[in-house]
Amino acid sequence: MNAADASHEVYHESYASRIARHFRADSFAQNGLRVVIALFIIAALAPFLANNHAIVRVADGRVTFPIFPSLEAIEWRFLLYVPMAAVVYFMRARFFQRPLLHFFFLVGLIAAIEIILAVTHPVNDPTNDRDRPATFKLMPPVPYSPIESTPDQFAPPSWKHLCGTDSTGRDIAARMLHGARTSLSIGFIAQSIALLVGVTLGGLAGYYRGWLDIGVCRFIEVMDCFPPLLLILVAISLFESQNNMFYIMAVIGLTSWTGLARLVRGEFLRLSSQPFPQAAQALGASDFRVILRHLLPNALGPILVSATFGVASAILIESSLSFLGFGMQAPTPSWGDILSDARRYIDFAWWLAFFPGLAILITIMSYNFVGEGLRDAVDPRLKVK
């Protein structure tokens with residue numbers, strides 16, 4: 001291929017293809033994305049990686065699967081929604097051929113799953129399959145429940161307890177694996193809420209301008225007057241949402257949208273002056289169509305960059321809340337709660353602070369690497385050669 005053909009091919013390269021090409025060239029971003037994907041897989045498979053119920057058990061000629069009836073609603077959500085998201089991603093070309101039909105199909109499927117989960121309750125079986133005799137049994141790699149107490153209080157890391165135990169003998173490795181589900185869920189959903197609010201308000205302010213723009217900007221300034229952590233603590237205390245994962249997600253999301261709103265407003269102000277939205281309006285396109293089909297897709301790159309950093313920030317906020325005693329509390333496993341428990345025993349139980357601190361560090365760094373890779377891919381001029 002000569003230089004003219006190469007330049008012609010690059011010239012016809014789409015915006016998404018250019019972002020993907022620049023992102024693949026960044027090794028730190030690629031490795032960060034691999035770690036993030038691995039964390040979501042671990043979170044989805046946490047009940048099969050750490051549990052005192054057998055995956056398969058053969059006894060008295062009967063084959064049973066004790067682990068499945070004991071799964072909670074959030075565990076089923078991870079097992080069902082993570083593969084569903086992967087299927088939608090890999091079939092996105094077919095999905096966008098008839099987007100409205102497929103959207104309502106997904107909404108109906110999710111609604112059916114949520115109804116089934118609401119009326120179906122997990123079986124609270126206190127039986128410990130780890131010590132039950134059986135002809136054959138397949139236990140998870142960590143054969144302990146995250147809320148199970150054992151006689152091994154403050155046991156250091158060993159082959160029996162890979163990450164040691166805490167003051168009540170709970171296995172730290174089991175709590176770490178299940179805590180990944182808590183931290184990632186709160187980080188991802190809280191940022192999704194912030195994304196919805198920020199994109200909506202920022203987009204409307206940037207498109208319509210005038211009094212709506214002034215009102216949204218003044219509201220953003222009022223929100224920015226208060227430290228985010230203070231707002232979150234007040235909201236949690238006001239609504240008594242401590243140890244309620246969904247309230248914590250909502251509180252973090254509803255106090256973290258201002259930066260996204262500013263970014264989207266600026267992008268919409270810039271794009272509105274371009275010829276293509278004006279041409280769409282001249283052809284009779286509605287405001288809704290201009291926003292969704294012309295402005296929002298062209299502002300998506302910076303929004304995704306900001307959202308990636310926002311997920312890391314939400315995970316860090318949740319860990320800080322749990323550390324301070326305002327977030328998820330025992331027996332619900334959370335990295336921040338394990339760190340909070342380590343404060344009293346740091347002199348002789350170093351593993352209580354080391355492993356959750358390392359997990360938080362790796363997760364935040366991975367999201368930041370992905371965010372920086374997306375930022376450089378969206379605007380290669382920012383990349384330092």
# chains A, B, ... in the order shown; residues from 1 in each chain; ligands from 1

call {"tool": "residues_around", "arguments": {"residues": "range 71-84 of chain A", "least_positions_apart": "2", "cutoff": "8 Å", "atoms": "only C-alpha atoms", "output": "JSON, numbers by chain"}}
result
{"A": [40, 43, 44, 45, 47, 67, 68, 69, 86, 87, 88, 117, 118, 121, 122, 123]}

call {"tool": "residues_around", "arguments": {"residues": "Trp350 in chain A", "least_positions_apart": "3", "cutoff": "12 Å", "atoms": "only C-alpha atoms", "output": "count of residues only"}}
result
23

call {"tool": "select_by_dssp", "arguments": {"residues": "range 295-358 of chain A", "states": "alpha helix (DSSP H)", "output": "ChimeraX atom specification"}}
result
/A:296-298,300-324,335-342,351-358

call {"tool": "residues_around", "arguments": {"residues": "range 52-66 of chain A", "least_positions_apart": "4", "cutoff": "8 Å", "atoms": "only C-alpha atoms", "output": "list in words"}}
result
Phe48, Ser70, Thr127, Asn128, Asp129, Arg130, Ala134, Thr135, Phe136, Lys137, Leu138, Met139, Pro140, Pro143, Tyr144 and Ser145 of chain A

call {"tool": "closest_residue", "arguments": {"among": "A:Pro146, A:Pro277, A:Pro228, A:Gly373", "to": "Arg175 in chain A", "atoms": "only C-alpha atoms"}}
result
A:Pro146

call {"tool": "closest_residue", "arguments": {"among": "A:Gly301, A:Phe348, A:Ala261, A:Gly327", "to": "Ala377 in chain A", "atoms": "only C-alpha atoms"}}
result
A:Gly301

call {"tool": "closest_residue", "arguments": {"among": "A:Gly259, A:Trp211, A:Ile248, A:Pro99", "to": "Met223 in chain A", "atoms": "only C-alpha atoms"}}
result
A:Gly259

call {"tool": "closest_residue", "arguments": {"among": "A:Met91, A:Leu254, A:Val36, A:Gly325", "to": "Thr308 in chain A", "atoms": "only C-alpha atoms"}}
result
A:Val36

call {"tool": "select_by_dssp", "arguments": {"residues": "range 36-282 of chain A", "states": "strand (DSSP E)", "output": "short mmCIF file (atom, residue, chain, number, x, y, z; two decimals) with all heavy atoms, in the first residue's frame"}}
result
data_model
loop_
_atom_site.label_atom_id
_atom_site.label_comp_id
_atom_site.auth_asym_id
_atom_site.auth_seq_id
_atom_site.Cartn_x
_atom_site.Cartn_y
_atom_site.Cartn_z
N VAL A 56 -21.44 -28.59 43.48
CA VAL A 56 -22.04 -29.88 43.15
C VAL A 56 -21.81 -30.82 44.33
O VAL A 56 -20.69 -30.86 44.86
CB VAL A 56 -21.45 -30.49 41.86
CG1 VAL A 56 -22.12 -31.82 41.54
CG2 VAL A 56 -21.57 -29.53 40.69
N ARG A 57 -22.84 -31.55 44.73
CA ARG A 57 -22.70 -32.48 45.84
C ARG A 57 -23.43 -33.78 45.50
O ARG A 57 -24.59 -33.75 45.08
CB ARG A 57 -23.28 -31.88 47.13
CG ARG A 57 -23.09 -32.76 48.37
CD ARG A 57 -23.52 -32.01 49.62
NE ARG A 57 -23.31 -32.83 50.78
CZ ARG A 57 -24.20 -33.68 51.29
NH1 ARG A 57 -25.39 -33.82 50.70
NH2 ARG A 57 -23.92 -34.39 52.37
N VAL A 58 -22.73 -34.89 45.68
CA VAL A 58 -23.29 -36.21 45.43
C VAL A 58 -23.30 -36.97 46.75
O VAL A 58 -22.24 -37.19 47.36
CB VAL A 58 -22.48 -36.99 44.37
CG1 VAL A 58 -23.11 -38.36 44.14
CG2 VAL A 58 -22.39 -36.20 43.07
N ALA A 59 -24.49 -37.34 47.21
CA ALA A 59 -24.62 -38.07 48.47
C ALA A 59 -25.88 -38.93 48.40
O ALA A 59 -26.93 -38.47 47.93
CB ALA A 59 -24.70 -37.12 49.66
N ARG A 62 -27.84 -39.10 45.19
CA ARG A 62 -28.51 -37.91 44.69
C ARG A 62 -27.48 -36.84 44.34
O ARG A 62 -26.54 -36.61 45.08
CB ARG A 62 -29.51 -37.36 45.72
CG ARG A 62 -30.67 -38.30 46.01
CD ARG A 62 -31.59 -37.74 47.09
NE ARG A 62 -32.17 -36.46 46.70
CZ ARG A 62 -31.90 -35.31 47.32
NH1 ARG A 62 -31.04 -35.29 48.34
NH2 ARG A 62 -32.47 -34.20 46.91
N VAL A 63 -27.72 -36.20 43.20
CA VAL A 63 -26.85 -35.10 42.76
C VAL A 63 -27.60 -33.80 43.02
O VAL A 63 -28.71 -33.59 42.50
CB VAL A 63 -26.49 -35.22 41.26
CG1 VAL A 63 -25.61 -34.04 40.84
CG2 VAL A 63 -25.80 -36.54 41.00
N THR A 64 -27.03 -32.92 43.82
CA THR A 64 -27.65 -31.63 44.15
C THR A 64 -26.67 -30.50 43.86
O THR A 64 -25.45 -30.71 43.76
CB THR A 64 -28.07 -31.59 45.63
OG1 THR A 64 -26.92 -31.83 46.46
CG2 THR A 64 -29.14 -32.64 45.92
N PHE A 136 -19.14 -37.30 46.71
CA PHE A 136 -18.34 -36.34 45.92
C PHE A 136 -18.91 -34.96 46.14
O PHE A 136 -20.13 -34.78 46.23
CB PHE A 136 -18.40 -36.70 44.43
CG PHE A 136 -17.79 -35.65 43.55
CD1 PHE A 136 -16.42 -35.56 43.37
CD2 PHE A 136 -18.60 -34.71 42.90
CE1 PHE A 136 -15.86 -34.58 42.57
CE2 PHE A 136 -18.05 -33.73 42.10
CZ PHE A 136 -16.67 -33.66 41.93
N LYS A 137 -18.03 -33.98 46.23
CA LYS A 137 -18.49 -32.59 46.33
C LYS A 137 -17.44 -31.68 45.73
O LYS A 137 -16.23 -31.90 45.87
CB LYS A 137 -18.78 -32.20 47.78
CG LYS A 137 -17.60 -32.31 48.73
CD LYS A 137 -18.02 -31.94 50.14
CE LYS A 137 -16.87 -32.16 51.13
NZ LYS A 137 -17.28 -31.83 52.52
N LEU A 138 -17.93 -30.68 45.03
CA LEU A 138 -17.06 -29.68 44.42
C LEU A 138 -17.30 -28.36 45.15
O LEU A 138 -18.35 -27.74 45.00
CB LEU A 138 -17.37 -29.53 42.93
CG LEU A 138 -16.58 -28.44 42.18
CD1 LEU A 138 -15.09 -28.74 42.19
CD2 LEU A 138 -17.09 -28.30 40.75
#

call {"tool": "closest_residue", "arguments": {"among": "A:Met245, A:Ala50, A:Leu374, A:Ile110", "to": "Gln329 in chain A", "atoms": "only C-alpha atoms"}}
result
A:Met245

call {"tool": "atom_distance", "arguments": {"atom1": "CA of Arg262 in chain A", "atom2": "CA of Gly202 in chain A"}}
result
6.1 Å

call {"tool": "closest_residue", "arguments": {"among": "A:Ala299, A:Leu101, A:Ile236, A:Ile41", "to": "Leu177 in chain A", "atoms": "only C-alpha atoms"}}
result
A:Ile41

call {"tool": "residues_around", "arguments": {"residues": "Ile214 in chain A", "least_positions_apart": "5", "cutoff": "9 Å", "atoms": "only C-alpha atoms", "output": "number ranges by chain"}}
result
A: 205, 209, 219

call {"tool": "write_last_selection", "arguments": {"atoms": "all heavy atoms", "output": "tab-separated table (two decimals), in the first residue's frame"}}
result
chain	number	residue	atom	x	y	z
A	205	ALA	N	-29.45	22.72	29.07
A	205	ALA	CA	-28.92	24.07	29.26
A	205	ALA	C	-28.10	24.52	28.06
A	205	ALA	O	-28.20	25.67	27.62
A	205	ALA	CB	-28.08	24.12	30.54
A	209	ARG	N	-30.24	27.25	26.04
A	209	ARG	CA	-29.62	28.48	26.52
A	209	ARG	C	-30.66	29.33	27.26
A	209	ARG	O	-31.59	28.83	27.85
A	209	ARG	CB	-28.96	29.23	25.36
A	209	ARG	CG	-28.02	28.36	24.54
A	209	ARG	CD	-27.24	29.15	23.52
A	209	ARG	NE	-26.45	28.25	22.69
A	209	ARG	CZ	-25.54	28.65	21.80
A	209	ARG	NH1	-25.32	29.94	21.62
A	209	ARG	NH2	-24.86	27.76	21.10
A	219	PHE	N	-27.87	26.61	39.71
A	219	PHE	CA	-28.07	25.41	40.54
A	219	PHE	C	-26.77	24.63	40.70
A	219	PHE	O	-26.45	24.13	41.78
A	219	PHE	CB	-29.16	24.54	39.92
A	219	PHE	CG	-29.52	23.34	40.75
A	219	PHE	CD1	-29.81	23.47	42.10
A	219	PHE	CD2	-29.57	22.08	40.18
A	219	PHE	CE1	-30.14	22.36	42.87
A	219	PHE	CE2	-29.90	20.97	40.93
A	219	PHE	CZ	-30.19	21.11	42.28

call {"tool": "atom_distance", "arguments": {"atom1": "CA of Ser158 in chain A", "atom2": "CA of Trp351 in chain A"}}
result
11.3 Å

call {"tool": "atom_distance", "arguments": {"atom1": "CA of Trp335 in chain A", "atom2": "CA of Met176 in chain A"}}
result
6.5 Å

call {"tool": "residues_around", "arguments": {"residues": "Gly371 in chain A", "least_positions_apart": "4", "cutoff": "8 Å", "atoms": "only C-alpha atoms", "output": "VMD selection string"}}
result
chain A and resid 29 305 to 306 308 to 309 367 375

call {"tool": "residues_around", "arguments": {"residues": "Val251 in chain A", "least_positions_apart": "4", "cutoff": "12 Å", "atoms": "only C-alpha atoms", "output": "VMD selection string"}}
result
chain A and resid 186 to 187 189 to 191 193 to 194 228 to 242 244 to 247 255 to 257 314 317 to 318 321 327
